[in-house]
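A quick write-up on the structure given underneath.
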Amino acid sequence: MNEAIYRPGLEGIIAGETSISSIADGLRYRGYPIEQLAQYSTFEEVAYLVLHGELPTRAQLDFFTGQLRQAMELPQEIVSTLRDIPADVPMMDVMRTGASLLGHWDPQAQDISAQATLDKAVRLVARLPLVMCYRHRLRSGQEVVPPEPGRSVAWNILWMLRGQEPQPDHVRALDVTLILYVEHEFNASTFTARVVASTLSDLHSAVTAAIGALKGPLHGGANERVMDYLSKLSSAEEAETWVKQALERKERIMGFGHRVYRTGDPRAAILAPYCEQLARQTGNEAMEAVAGRIEQVVREQKNIPPNVDYPAGRLYYYLGLPVDLYTPLFVISRTVGWSAHVLEQQAANRLIRPRARYVGAEPRDYVPVEQRG
Ligand code: CMC
């Protein structure tokens, strides 16, 4: 075994090939810069692009959108389970269970052909928003609000949560976050999905495992954790004191830093103006001022820029979304990327099975329990 290629956390290791996204020259999905997709496109169009490799024609987009909208329904058994899960179960655990449960009612659950995987991906992207929104309403003692056919995923998420027609600028802001969360190369959850797919397991298994990986605060869970401190700090001065002390204690400030973007996450820059505008509209300028001061101090003291989760967490807060739905929203979007990677892995599969460097006890012989001291 070549010791020279061992790196903790696989940092900098090329662990496979992909044609889905690249981060060398800014973030691009299938070659298109994320800035252009965020400005001109929609979550549905980007989902098609990432899953199929090309931007859709009008007819292809209409067909794909129709497929998604038709699939926006849940079997009654799943709705009952969402009602019965204990009220204090974390939302990300419910999403993980939801992805697995959806497989039980999917007629192609065990079919790992490319066509079946694509069809299942569409159903997962259509149904995971229902899992999230229905669960939220049921745990709050409210009846579910079914989706409106003919409306987008972003529109329906706000509609199903609130039971009121959402404002177009709220829908657009949410849609942009969904576009930005779709895909990001070999991040921890996507790599998890690919490992599962490489054993010739199925899409629901890969997505269920990936949700477990996304939950952690070093990955998707960070968009919720930014609210742990932002919601407690009431002025820029208080924020400055807190962040300086936290950095002195060598704490990690959630929403900052990135394994591969050392000089800045392009997704954070795209979201910043949406965040500012929504903050003004919803009377949350004070939180923006707090966030701005924290960013300034972390940059000055550690030279670490914010990542996508810093503005995304704030933006979801300004939209009035419950904090524990922030990472589930990431799940809904990233299911597209995970599915594209499962398809790519299946198309040229080789079992992912790396080696470990052994650092344990020297070889030794078994000692019967009576003779152990
Ligand atoms: N706050 C304070 N210091 C930090 C942070 C941070 N958020 N991130 C990195 N550092 C420091 C780290 O302590 C180390 O300092 P030193 O050299 O003095 O020990 C230095 O920067 C280099 O960090 P690293 O450990 O090499 O970074 P990494 O590549 O292992 O970590 C990361 C990447 C994302 C896990 C990390 O930046 C972090 O923990 N960030 C906070 C969690 C977060 O926001 N995650 C979201 C990631 S982006 C999107 C997503 O996946 O959701």
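Please note that chains go A, B, ... in the order of the structure tokens, that every chain numbers its residues from 1, and that ligands are numbered from 1 in the order shown.
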field: Within 7 Å of ligand 1 (only C-alpha atoms and all ligand atoms), residues as a ChimeraX atom specification
entry: /A:187,217-223,247,250-260,302,304,307-309
task: Return as number ranges by chain the full set of residues in region 96-313 of chain A whose backbone-based DSSP assignment is helix (DSSP H, G or I).
output: A: 96-104, 114-139, 153-162, 168-181, 188-198, 203-214, 222-230, 236-248, 266-281, 285-302, 309-313
query: Please, which residues of region 25-243 of chain A, numbered as in this document, come out strand (DSSP E) from DSSP, as a PyMOL selection string?
result: chain A and resi 28-29+32-33
Which residues, written as a JSON list (two decimals) with all heavy atoms, in the first residue's frame, have at least one atom at most 10 Å from Ile270 (chain A), with only C-alpha atoms counted and residues fewer than 5 positions away on the same chain left out?
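around-v2.json was written with the following content:
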[["chain", "number", "residue", "atom", "x", "y", "z"],
["A", 34, "ILE", "N", -22.53, 28.93, -11.71],
["A", 34, "ILE", "CA", -23.63, 28.98, -10.75],
["A", 34, "ILE", "C", -24.27, 30.37, -10.70],
["A", 34, "ILE", "O", -25.47, 30.51, -10.48],
["A", 34, "ILE", "CB", -23.13, 28.52, -9.36],
["A", 34, "ILE", "CG1", -24.28, 28.30, -8.39],
["A", 34, "ILE", "CG2", -22.10, 29.47, -8.77],
["A", 34, "ILE", "CD1", -25.15, 27.16, -8.74],
["A", 35, "GLU", "N", -23.45, 31.40, -10.98],
["A", 35, "GLU", "CA", -23.99, 32.78, -10.94],
["A", 35, "GLU", "C", -25.10, 32.93, -11.99],
["A", 35, "GLU", "O", -26.14, 33.53, -11.73],
["A", 35, "GLU", "CB", -22.88, 33.80, -11.22],
["A", 35, "GLU", "CG", -21.86, 33.97, -10.10],
["A", 35, "GLU", "CD", -20.82, 32.85, -10.03],
["A", 35, "GLU", "OE1", -20.77, 32.01, -10.98],
["A", 35, "GLU", "OE2", -20.07, 32.81, -9.04],
["A", 38, "ALA", "N", -28.20, 30.83, -10.99],
["A", 38, "ALA", "CA", -28.95, 31.48, -9.90],
["A", 38, "ALA", "C", -29.72, 32.69, -10.40],
["A", 38, "ALA", "O", -30.79, 33.02, -9.91],
["A", 38, "ALA", "CB", -28.00, 31.88, -8.77],
["A", 39, "GLN", "N", -29.16, 33.37, -11.39],
["A", 39, "GLN", "CA", -29.83, 34.58, -11.88],
["A", 39, "GLN", "C", -30.99, 34.29, -12.84],
["A", 39, "GLN", "O", -32.03, 34.91, -12.77],
["A", 39, "GLN", "CB", -28.80, 35.48, -12.58],
["A", 39, "GLN", "CG", -29.38, 36.84, -12.93],
["A", 39, "GLN", "CD", -28.32, 37.82, -13.41],
["A", 39, "GLN", "OE1", -27.13, 37.49, -13.44],
["A", 39, "GLN", "NE2", -28.74, 39.00, -13.79],
["A", 176, "VAL", "N", -33.75, 30.33, -5.23],
["A", 176, "VAL", "CA", -32.30, 30.55, -5.44],
["A", 176, "VAL", "C", -31.49, 29.70, -4.46],
["A", 176, "VAL", "O", -30.49, 29.08, -4.84],
["A", 176, "VAL", "CB", -31.94, 32.05, -5.34],
["A", 176, "VAL", "CG1", -30.44, 32.25, -5.36],
["A", 176, "VAL", "CG2", -32.58, 32.83, -6.49],
["A", 177, "THR", "N", -31.95, 29.61, -3.21],
["A", 177, "THR", "CA", -31.20, 28.75, -2.26],
["A", 177, "THR", "C", -31.24, 27.29, -2.73],
["A", 177, "THR", "O", -30.25, 26.57, -2.61],
["A", 177, "THR", "CB", -31.73, 28.83, -0.81],
["A", 177, "THR", "OG1", -33.04, 28.26, -0.73],
["A", 177, "THR", "CG2", -31.75, 30.25, -0.29],
["A", 180, "LEU", "N", -28.72, 26.78, -5.42],
["A", 180, "LEU", "CA", -27.34, 26.79, -4.93],
["A", 180, "LEU", "C", -26.98, 25.53, -4.14],
["A", 180, "LEU", "O", -25.82, 25.16, -4.06],
["A", 180, "LEU", "CB", -27.09, 28.03, -4.05],
["A", 180, "LEU", "CG", -27.24, 29.37, -4.76],
["A", 180, "LEU", "CD1", -27.03, 30.51, -3.77],
["A", 180, "LEU", "CD2", -26.26, 29.50, -5.92],
["A", 265, "ASP", "N", -16.67, 31.22, -0.66],
["A", 265, "ASP", "CA", -17.65, 30.32, -1.26],
["A", 265, "ASP", "C", -18.52, 31.18, -2.19],
["A", 265, "ASP", "O", -19.21, 32.09, -1.72],
["A", 265, "ASP", "CB", -18.47, 29.71, -0.11],
["A", 265, "ASP", "CG", -19.54, 28.75, -0.57],
["A", 265, "ASP", "OD1", -19.96, 28.84, -1.74],
["A", 265, "ASP", "OD2", -19.98, 27.92, 0.26],
["A", 275, "CYS", "N", -30.45, 38.15, 0.93],
["A", 275, "CYS", "CA", -30.54, 38.21, 2.37],
["A", 275, "CYS", "C", -30.80, 39.65, 2.84],
["A", 275, "CYS", "O", -31.70, 39.90, 3.64],
["A", 275, "CYS", "CB", -29.17, 37.79, 2.89],
["A", 275, "CYS", "SG", -29.24, 36.61, 4.15],
["A", 308, "VAL", "N", -21.84, 29.06, 2.19],
["A", 308, "VAL", "CA", -23.23, 29.20, 1.76],
["A", 308, "VAL", "C", -24.22, 29.16, 2.92],
["A", 308, "VAL", "O", -25.27, 29.82, 2.90],
["A", 308, "VAL", "CB", -23.59, 28.10, 0.71],
["A", 308, "VAL", "CG1", -23.44, 26.70, 1.28],
["A", 308, "VAL", "CG2", -24.98, 28.29, 0.13],
["A", 311, "PRO", "N", -25.37, 32.91, 4.81],
["A", 311, "PRO", "CA", -26.55, 33.66, 4.33],
["A", 311, "PRO", "C", -27.80, 32.79, 4.21],
["A", 311, "PRO", "O", -28.90, 33.29, 4.41],
["A", 311, "PRO", "CB", -26.11, 34.19, 2.96],
["A", 311, "PRO", "CG", -25.01, 33.29, 2.53],
["A", 311, "PRO", "CD", -24.32, 32.83, 3.79]]
- prompt: Excluding same-chain residues fewer than 6 positions from Pro149 (chain A), what lies within 10 Å of it counting only C-alpha atoms, as a PyMOL selection string?
  reply: chain A and resi 66+68-72+156
Just-selected residues, C-alpha atoms written as a JSON list (two decimals), in the first residue's frame:
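Result saved to again-v1.json:
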[["chain", "number", "residue", "atom", "x", "y", "z"],
["A", 66, "GLY", "CA", -45.21, 17.79, -15.17],
["A", 68, "LEU", "CA", -42.46, 16.32, -10.71],
["A", 69, "ARG", "CA", -45.85, 17.85, -10.08],
["A", 70, "GLN", "CA", -47.71, 14.62, -10.73],
["A", 71, "ALA", "CA", -45.49, 12.87, -8.22],
["A", 72, "MET", "CA", -46.30, 15.36, -5.43],
["A", 156, "ASN", "CA", -45.41, 24.67, -2.85]]
- request: Could you jot down the CA of Val153 (chain A) to CA of Thr18 (chain A) separation for me, Å, one decimal place?
  value: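 Separating CA of Val153 (chain A) from CA of Thr18 (chain A) is a distance of 26.8 Å.
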- line: Between CA of Leu203 (chain A) and CA of Ser189 (chain A) lies a distance of 13.5 Å
Surrounding residues of Arg30 (chain A) excluding itself and chain neighbours under 2 positions, 12 Å, only C-alpha atoms, as a PDB file with all heavy atoms, in the first residue's frame:
ATOM      1  N   THR A  18     -15.931  12.948 -12.142  1.00  0.00           N
ATOM      2  CA  THR A  18     -17.327  13.369 -12.295  1.00  0.00           C
ATOM      3  C   THR A  18     -17.470  14.367 -13.424  1.00  0.00           C
ATOM      4  O   THR A  18     -16.548  15.150 -13.687  1.00  0.00           O
ATOM      5  CB  THR A  18     -17.878  13.990 -10.987  1.00  0.00           C
ATOM      6  OG1 THR A  18     -19.278  14.258 -11.169  1.00  0.00           O
ATOM      7  CG2 THR A  18     -17.166  15.279 -10.601  1.00  0.00           C
ATOM      8  N   SER A  19     -18.605  14.328 -14.090  1.00  0.00           N
ATOM      9  CA  SER A  19     -18.895  15.352 -15.099  1.00  0.00           C
ATOM     10  C   SER A  19     -20.082  16.204 -14.646  1.00  0.00           C
ATOM     11  O   SER A  19     -20.676  16.921 -15.450  1.00  0.00           O
ATOM     12  CB  SER A  19     -19.216  14.680 -16.447  1.00  0.00           C
ATOM     13  OG  SER A  19     -20.326  13.824 -16.282  1.00  0.00           O
ATOM     14  N   ILE A  20     -20.431  16.123 -13.367  1.00  0.00           N
ATOM     15  CA  ILE A  20     -21.659  16.801 -12.905  1.00  0.00           C
ATOM     16  C   ILE A  20     -21.387  18.240 -12.483  1.00  0.00           C
ATOM     17  O   ILE A  20     -22.116  19.152 -12.865  1.00  0.00           O
ATOM     18  CB  ILE A  20     -22.318  15.988 -11.766  1.00  0.00           C
ATOM     19  CG1 ILE A  20     -22.604  14.564 -12.260  1.00  0.00           C
ATOM     20  CG2 ILE A  20     -23.608  16.658 -11.310  1.00  0.00           C
ATOM     21  CD1 ILE A  20     -23.014  13.589 -11.173  1.00  0.00           C
ATOM     22  N   SER A  21     -20.349  18.447 -11.672  1.00  0.00           N
ATOM     23  CA  SER A  21     -20.016  19.828 -11.298  1.00  0.00           C
ATOM     24  C   SER A  21     -18.514  19.963 -11.131  1.00  0.00           C
ATOM     25  O   SER A  21     -17.808  18.967 -10.951  1.00  0.00           O
ATOM     26  CB  SER A  21     -20.718  20.236 -10.000  1.00  0.00           C
ATOM     27  OG  SER A  21     -20.178  19.526  -8.914  1.00  0.00           O
ATOM     28  N   SER A  22     -18.049  21.210 -11.186  1.00  0.00           N
ATOM     29  CA  SER A  22     -16.621  21.476 -10.991  1.00  0.00           C
ATOM     30  C   SER A  22     -16.486  22.702 -10.114  1.00  0.00           C
ATOM     31  O   SER A  22     -17.358  23.586 -10.111  1.00  0.00           O
ATOM     32  CB  SER A  22     -15.939  21.716 -12.336  1.00  0.00           C
ATOM     33  OG  SER A  22     -16.565  22.801 -12.984  1.00  0.00           O
ATOM     34  N   ILE A  23     -15.388  22.739  -9.355  1.00  0.00           N
ATOM     35  CA  ILE A  23     -15.188  23.881  -8.458  1.00  0.00           C
ATOM     36  C   ILE A  23     -13.846  24.564  -8.701  1.00  0.00           C
ATOM     37  O   ILE A  23     -13.478  25.481  -7.970  1.00  0.00           O
ATOM     38  CB  ILE A  23     -15.324  23.456  -6.975  1.00  0.00           C
ATOM     39  CG1 ILE A  23     -14.435  22.255  -6.663  1.00  0.00           C
ATOM     40  CG2 ILE A  23     -16.751  23.122  -6.635  1.00  0.00           C
ATOM     41  CD1 ILE A  23     -14.543  21.779  -5.229  1.00  0.00           C
ATOM     42  N   LEU A  27     -17.879  27.721  -9.090  1.00  0.00           N
ATOM     43  CA  LEU A  27     -18.746  26.535  -9.101  1.00  0.00           C
ATOM     44  C   LEU A  27     -19.551  26.488 -10.397  1.00  0.00           C
ATOM     45  O   LEU A  27     -20.196  27.468 -10.772  1.00  0.00           O
ATOM     46  CB  LEU A  27     -19.688  26.577  -7.884  1.00  0.00           C
ATOM     47  CG  LEU A  27     -20.761  25.491  -7.803  1.00  0.00           C
ATOM     48  CD1 LEU A  27     -20.161  24.090  -7.795  1.00  0.00           C
ATOM     49  CD2 LEU A  27     -21.637  25.703  -6.557  1.00  0.00           C
ATOM     50  N   ARG A  28     -19.495  25.363 -11.077  1.00  0.00           N
ATOM     51  CA  ARG A  28     -20.258  25.163 -12.319  1.00  0.00           C
ATOM     52  C   ARG A  28     -20.999  23.842 -12.246  1.00  0.00           C
ATOM     53  O   ARG A  28     -20.421  22.852 -11.833  1.00  0.00           O
ATOM     54  CB  ARG A  28     -19.323  25.112 -13.543  1.00  0.00           C
ATOM     55  CG  ARG A  28     -18.709  26.444 -13.878  1.00  0.00           C
ATOM     56  CD  ARG A  28     -17.594  26.292 -14.912  1.00  0.00           C
ATOM     57  NE  ARG A  28     -16.944  27.577 -15.096  1.00  0.00           N
ATOM     58  CZ  ARG A  28     -17.280  28.459 -16.038  1.00  0.00           C
ATOM     59  NH1 ARG A  28     -18.214  28.164 -16.929  1.00  0.00           N
ATOM     60  NH2 ARG A  28     -16.679  29.623 -16.114  1.00  0.00           N
ATOM     61  N   TYR A  32     -21.995  25.099 -16.586  1.00  0.00           N
ATOM     62  CA  TYR A  32     -22.634  26.431 -16.469  1.00  0.00           C
ATOM     63  C   TYR A  32     -22.284  27.083 -15.135  1.00  0.00           C
ATOM     64  O   TYR A  32     -22.424  26.441 -14.080  1.00  0.00           O
ATOM     65  CB  TYR A  32     -24.164  26.318 -16.562  1.00  0.00           C
ATOM     66  CG  TYR A  32     -24.650  25.858 -17.910  1.00  0.00           C
ATOM     67  CD1 TYR A  32     -25.053  24.538 -18.112  1.00  0.00           C
ATOM     68  CD2 TYR A  32     -24.702  26.732 -18.996  1.00  0.00           C
ATOM     69  CE1 TYR A  32     -25.498  24.106 -19.356  1.00  0.00           C
ATOM     70  CE2 TYR A  32     -25.143  26.302 -20.242  1.00  0.00           C
ATOM     71  CZ  TYR A  32     -25.534  24.988 -20.417  1.00  0.00           C
ATOM     72  OH  TYR A  32     -25.964  24.555 -21.639  1.00  0.00           O
ATOM     73  N   PRO A  33     -21.854  28.350 -15.156  1.00  0.00           N
ATOM     74  CA  PRO A  33     -21.508  28.996 -13.885  1.00  0.00           C
ATOM     75  C   PRO A  33     -22.739  29.160 -12.992  1.00  0.00           C
ATOM     76  O   PRO A  33     -23.832  29.506 -13.465  1.00  0.00           O
ATOM     77  CB  PRO A  33     -20.954  30.369 -14.296  1.00  0.00           C
ATOM     78  CG  PRO A  33     -21.237  30.534 -15.728  1.00  0.00           C
ATOM     79  CD  PRO A  33     -21.646  29.219 -16.318  1.00  0.00           C
ATOM     80  N   ILE A  34     -22.533  28.930 -11.711  1.00  0.00           N
ATOM     81  CA  ILE A  34     -23.633  28.978 -10.748  1.00  0.00           C
ATOM     82  C   ILE A  34     -24.268  30.371 -10.704  1.00  0.00           C
ATOM     83  O   ILE A  34     -25.471  30.507 -10.479  1.00  0.00           O
ATOM     84  CB  ILE A  34     -23.127  28.522  -9.359  1.00  0.00           C
ATOM     85  CG1 ILE A  34     -24.279  28.304  -8.391  1.00  0.00           C
ATOM     86  CG2 ILE A  34     -22.104  29.468  -8.766  1.00  0.00           C
ATOM     87  CD1 ILE A  34     -25.146  27.160  -8.737  1.00  0.00           C
ATOM     88  N   LEU A  37     -26.866  30.462 -13.416  1.00  0.00           N
ATOM     89  CA  LEU A  37     -28.019  29.608 -13.097  1.00  0.00           C
ATOM     90  C   LEU A  37     -28.865  30.261 -12.000  1.00  0.00           C
ATOM     91  O   LEU A  37     -30.097  30.260 -12.071  1.00  0.00           O
ATOM     92  CB  LEU A  37     -27.542  28.217 -12.661  1.00  0.00           C
ATOM     93  CG  LEU A  37     -26.846  27.418 -13.771  1.00  0.00           C
ATOM     94  CD1 LEU A  37     -26.220  26.138 -13.209  1.00  0.00           C
ATOM     95  CD2 LEU A  37     -27.813  27.070 -14.900  1.00  0.00           C
ATOM     96  N   VAL A  46     -32.703  23.567 -13.241  1.00  0.00           N
ATOM     97  CA  VAL A  46     -31.374  23.140 -12.788  1.00  0.00           C
ATOM     98  C   VAL A  46     -31.390  21.645 -12.436  1.00  0.00           C
ATOM     99  O   VAL A  46     -30.433  20.919 -12.713  1.00  0.00           O
ATOM    100  CB  VAL A  46     -30.911  24.013 -11.603  1.00  0.00           C
ATOM    101  CG1 VAL A  46     -29.689  23.426 -10.922  1.00  0.00           C
ATOM    102  CG2 VAL A  46     -30.608  25.428 -12.086  1.00  0.00           C
ATOM    103  N   ALA A  47     -32.489  21.190 -11.855  1.00  0.00           N
ATOM    104  CA  ALA A  47     -32.603  19.762 -11.532  1.00  0.00           C
ATOM    105  C   ALA A  47     -32.518  18.940 -12.821  1.00  0.00           C
ATOM    106  O   ALA A  47     -31.818  17.921 -12.886  1.00  0.00           O
ATOM    107  CB  ALA A  47     -33.916  19.488 -10.799  1.00  0.00           C
ATOM    108  N   TYR A  48     -33.201  19.400 -13.858  1.00  0.00           N
ATOM    109  CA  TYR A  48     -33.136  18.682 -15.139  1.00  0.00           C
ATOM    110  C   TYR A  48     -31.697  18.677 -15.658  1.00  0.00           C
ATOM    111  O   TYR A  48     -31.166  17.638 -16.078  1.00  0.00           O
ATOM    112  CB  TYR A  48     -34.068  19.341 -16.167  1.00  0.00           C
ATOM    113  CG  TYR A  48     -34.104  18.591 -17.481  1.00  0.00           C
ATOM    114  CD1 TYR A  48     -35.147  17.710 -17.792  1.00  0.00           C
ATOM    115  CD2 TYR A  48     -33.080  18.727 -18.419  1.00  0.00           C
ATOM    116  CE1 TYR A  48     -35.167  16.996 -18.976  1.00  0.00           C
ATOM    117  CE2 TYR A  48     -33.081  18.015 -19.602  1.00  0.00           C
ATOM    118  CZ  TYR A  48     -34.131  17.160 -19.887  1.00  0.00           C
ATOM    119  OH  TYR A  48     -34.135  16.450 -21.069  1.00  0.00           O
ATOM    120  N   LEU A  49     -31.076  19.848 -15.624  1.00  0.00           N
ATOM    121  CA  LEU A  49     -29.694  19.971 -16.111  1.00  0.00           C
ATOM    122  C   LEU A  49     -28.763  18.998 -15.388  1.00  0.00           C
ATOM    123  O   LEU A  49     -27.971  18.276 -16.019  1.00  0.00           O
ATOM    124  CB  LEU A  49     -29.199  21.413 -15.886  1.00  0.00           C
ATOM    125  CG  LEU A  49     -27.705  21.663 -16.071  1.00  0.00           C
ATOM    126  CD1 LEU A  49     -27.318  21.540 -17.540  1.00  0.00           C
ATOM    127  CD2 LEU A  49     -27.306  23.042 -15.532  1.00  0.00           C
ATOM    128  N   VAL A  50     -28.850  18.976 -14.077  1.00  0.00           N
ATOM    129  CA  VAL A  50     -27.929  18.155 -13.286  1.00  0.00           C
ATOM    130  C   VAL A  50     -28.215  16.664 -13.504  1.00  0.00           C
ATOM    131  O   VAL A  50     -27.297  15.856 -13.644  1.00  0.00           O
ATOM    132  CB  VAL A  50     -28.000  18.581 -11.798  1.00  0.00           C
ATOM    133  CG1 VAL A  50     -27.302  17.575 -10.893  1.00  0.00           C
ATOM    134  CG2 VAL A  50     -27.372  19.962 -11.629  1.00  0.00           C
ATOM    135  N   LEU A  51     -29.484  16.311 -13.597  1.00  0.00           N
ATOM    136  CA  LEU A  51     -29.825  14.896 -13.772  1.00  0.00           C
ATOM    137  C   LEU A  51     -29.554  14.399 -15.194  1.00  0.00           C
ATOM    138  O   LEU A  51     -29.126  13.270 -15.388  1.00  0.00           O
ATOM    139  CB  LEU A  51     -31.301  14.651 -13.437  1.00  0.00           C
ATOM    140  CG  LEU A  51     -31.656  14.691 -11.952  1.00  0.00           C
ATOM    141  CD1 LEU A  51     -33.171  14.692 -11.761  1.00  0.00           C
ATOM    142  CD2 LEU A  51     -31.040  13.496 -11.218  1.00  0.00           C
ATOM    143  N   HIS A  52     -29.801  15.276 -16.187  1.00  0.00           N
ATOM    144  CA  HIS A  52     -29.707  14.819 -17.585  1.00  0.00           C
ATOM    145  C   HIS A  52     -28.446  15.288 -18.302  1.00  0.00           C
ATOM    146  O   HIS A  52     -28.135  14.783 -19.378  1.00  0.00           O
ATOM    147  CB  HIS A  52     -30.929  15.285 -18.373  1.00  0.00           C
ATOM    148  CG  HIS A  52     -32.205  14.602 -17.965  1.00  0.00           C
ATOM    149  ND1 HIS A  52     -32.632  13.427 -18.520  1.00  0.00           N
ATOM    150  CD2 HIS A  52     -33.120  14.922 -17.014  1.00  0.00           C
ATOM    151  CE1 HIS A  52     -33.775  13.045 -17.960  1.00  0.00           C
ATOM    152  NE2 HIS A  52     -34.093  13.947 -17.033  1.00  0.00           N
ATOM    153  N   GLY A  53     -27.773  16.286 -17.770  1.00  0.00           N
ATOM    154  CA  GLY A  53     -26.518  16.713 -18.392  1.00  0.00           C
ATOM    155  C   GLY A  53     -26.633  17.910 -19.313  1.00  0.00           C
ATOM    156  O   GLY A  53     -25.632  18.540 -19.641  1.00  0.00           O
ATOM    157  N   GLU A  54     -27.835  18.242 -19.754  1.00  0.00           N
ATOM    158  CA  GLU A  54     -28.051  19.391 -20.650  1.00  0.00           C
ATOM    159  C   GLU A  54     -29.224  20.207 -20.145  1.00  0.00           C
ATOM    160  O   GLU A  54     -30.141  19.657 -19.523  1.00  0.00           O
ATOM    161  CB  GLU A  54     -28.389  18.910 -22.075  1.00  0.00           C
ATOM    162  CG  GLU A  54     -27.276  18.153 -22.782  1.00  0.00           C
ATOM    163  CD  GLU A  54     -26.029  19.006 -23.046  1.00  0.00           C
ATOM    164  OE1 GLU A  54     -26.152  20.245 -23.105  1.00  0.00           O
ATOM    165  OE2 GLU A  54     -24.939  18.416 -23.159  1.00  0.00           O
ATOM    166  N   LEU A  55     -29.217  21.504 -20.477  1.00  0.00           N
ATOM    167  CA  LEU A  55     -30.406  22.310 -20.189  1.00  0.00           C
ATOM    168  C   LEU A  55     -31.561  21.789 -21.039  1.00  0.00           C
ATOM    169  O   LEU A  55     -31.354  21.407 -22.198  1.00  0.00           O
ATOM    170  CB  LEU A  55     -30.139  23.784 -20.515  1.00  0.00           C
ATOM    171  CG  LEU A  55     -29.307  24.559 -19.494  1.00  0.00           C
ATOM    172  CD1 LEU A  55     -28.909  25.920 -20.044  1.00  0.00           C
ATOM    173  CD2 LEU A  55     -30.066  24.724 -18.166  1.00  0.00           C
ATOM    174  N   VAL A 182     -28.073  22.486  -4.863  1.00  0.00           N
ATOM    175  CA  VAL A 182     -28.289  21.269  -5.656  1.00  0.00           C
ATOM    176  C   VAL A 182     -27.084  20.332  -5.684  1.00  0.00           C
ATOM    177  O   VAL A 182     -27.236  19.108  -5.552  1.00  0.00           O
ATOM    178  CB  VAL A 182     -28.725  21.618  -7.100  1.00  0.00           C
ATOM    179  CG1 VAL A 182     -28.474  20.476  -8.066  1.00  0.00           C
ATOM    180  CG2 VAL A 182     -30.206  21.979  -7.126  1.00  0.00           C
ATOM    181  N   GLU A 183     -25.888  20.879  -5.859  1.00  0.00           N
ATOM    182  CA  GLU A 183     -24.793  19.978  -6.214  1.00  0.00           C
ATOM    183  C   GLU A 183     -23.456  20.586  -5.822  1.00  0.00           C
ATOM    184  O   GLU A 183     -23.252  21.796  -5.943  1.00  0.00           O
ATOM    185  CB  GLU A 183     -24.888  19.717  -7.728  1.00  0.00           C
ATOM    186  CG  GLU A 183     -23.657  19.220  -8.425  1.00  0.00           C
ATOM    187  CD  GLU A 183     -23.085  17.912  -7.890  1.00  0.00           C
ATOM    188  OE1 GLU A 183     -23.734  17.242  -7.073  1.00  0.00           O
ATOM    189  OE2 GLU A 183     -21.952  17.592  -8.269  1.00  0.00           O
ATOM    190  N   HIS A 184     -22.550  19.739  -5.337  1.00  0.00           N
ATOM    191  CA  HIS A 184     -21.236  20.257  -4.946  1.00  0.00           C
ATOM    192  C   HIS A 184     -20.183  19.165  -4.939  1.00  0.00           C
ATOM    193  O   HIS A 184     -19.548  18.904  -3.918  1.00  0.00           O
ATOM    194  CB  HIS A 184     -21.322  20.946  -3.581  1.00  0.00           C
ATOM    195  CG  HIS A 184     -20.348  22.048  -3.435  1.00  0.00           C
ATOM    196  ND1 HIS A 184     -19.469  22.151  -2.392  1.00  0.00           N
ATOM    197  CD2 HIS A 184     -20.086  23.094  -4.239  1.00  0.00           C
ATOM    198  CE1 HIS A 184     -18.720  23.222  -2.558  1.00  0.00           C
ATOM    199  NE2 HIS A 184     -19.068  23.812  -3.671  1.00  0.00           N
ATOM    200  N   GLU A 185     -20.026  18.498  -6.046  1.00  0.00           N
ATOM    201  CA  GLU A 185     -18.903  17.583  -6.237  1.00  0.00           C
ATOM    202  C   GLU A 185     -18.826  16.513  -5.142  1.00  0.00           C
ATOM    203  O   GLU A 185     -19.859  16.006  -4.742  1.00  0.00           O
ATOM    204  CB  GLU A 185     -17.633  18.457  -6.322  1.00  0.00           C
ATOM    205  CG  GLU A 185     -16.474  17.912  -7.039  1.00  0.00           C
ATOM    206  CD  GLU A 185     -15.213  18.171  -6.245  1.00  0.00           C
ATOM    207  OE1 GLU A 185     -15.252  18.222  -5.005  1.00  0.00           O
ATOM    208  OE2 GLU A 185     -14.159  18.340  -6.900  1.00  0.00           O
ATOM    209  N   GLY A 337     -28.529  16.332  -6.676  1.00  0.00           N
ATOM    210  CA  GLY A 337     -27.101  16.049  -6.860  1.00  0.00           C
ATOM    211  C   GLY A 337     -26.765  14.613  -6.488  1.00  0.00           C
ATOM    212  O   GLY A 337     -26.054  13.923  -7.213  1.00  0.00           O
ATOM    213  N   ALA A 340     -27.884  12.320  -9.242  1.00  0.00           N
ATOM    214  CA  ALA A 340     -27.019  12.390 -10.427  1.00  0.00           C
ATOM    215  C   ALA A 340     -25.723  11.616 -10.178  1.00  0.00           C
ATOM    216  O   ALA A 340     -25.213  10.918 -11.062  1.00  0.00           O
ATOM    217  CB  ALA A 340     -26.715  13.851 -10.765  1.00  0.00           C
TER     218      ALA A 340
END
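Taking CA of Leu161 (chain A) and CA of Arg83 (chain A) as endpoints, the distance between them is 15.3 Å.
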Wanna dump the region 181-238 of chain A-region 342-366 of chain A contacts at 9 Å for me, each residue with its shortest atom pair and the distance in Å to one decimal, counting only C-alpha atoms, ordered by chain and number, as CSV?
residue,atom,partner,partner_atom,distance
A:Thr190,CA,A:Val342,CA,8.7
A:Ala193,CA,A:Val342,CA,6.6
A:Arg194,CA,A:Val342,CA,5.6
A:Val195,CA,A:Ile352,CA,5.7
A:Val196,CA,A:Val342,CA,8.5
A:Ala197,CA,A:Val342,CA,5.7
A:Ser198,CA,A:Leu351,CA,4.7
A:Thr199,CA,A:Leu351,CA,5.8
A:Leu200,CA,A:Gln346,CA,7.4
A:Asp202,CA,A:Val342,CA,8.7
A:Leu203,CA,A:Val342,CA,7.0
A:Ala206,CA,A:Val342,CA,7.6
- prompt: Which residues, written as a list in words, have at least one atom at most 12 Å from Ser140 (chain A), with only C-alpha atoms counted and residues fewer than 4 positions away on the same chain left out?
  reply: Leu82, Arg83, Ala87, Asp88, Cys133, Tyr134, Arg135, His136, Val144, Leu161, Arg162 and Pro322 of chain A
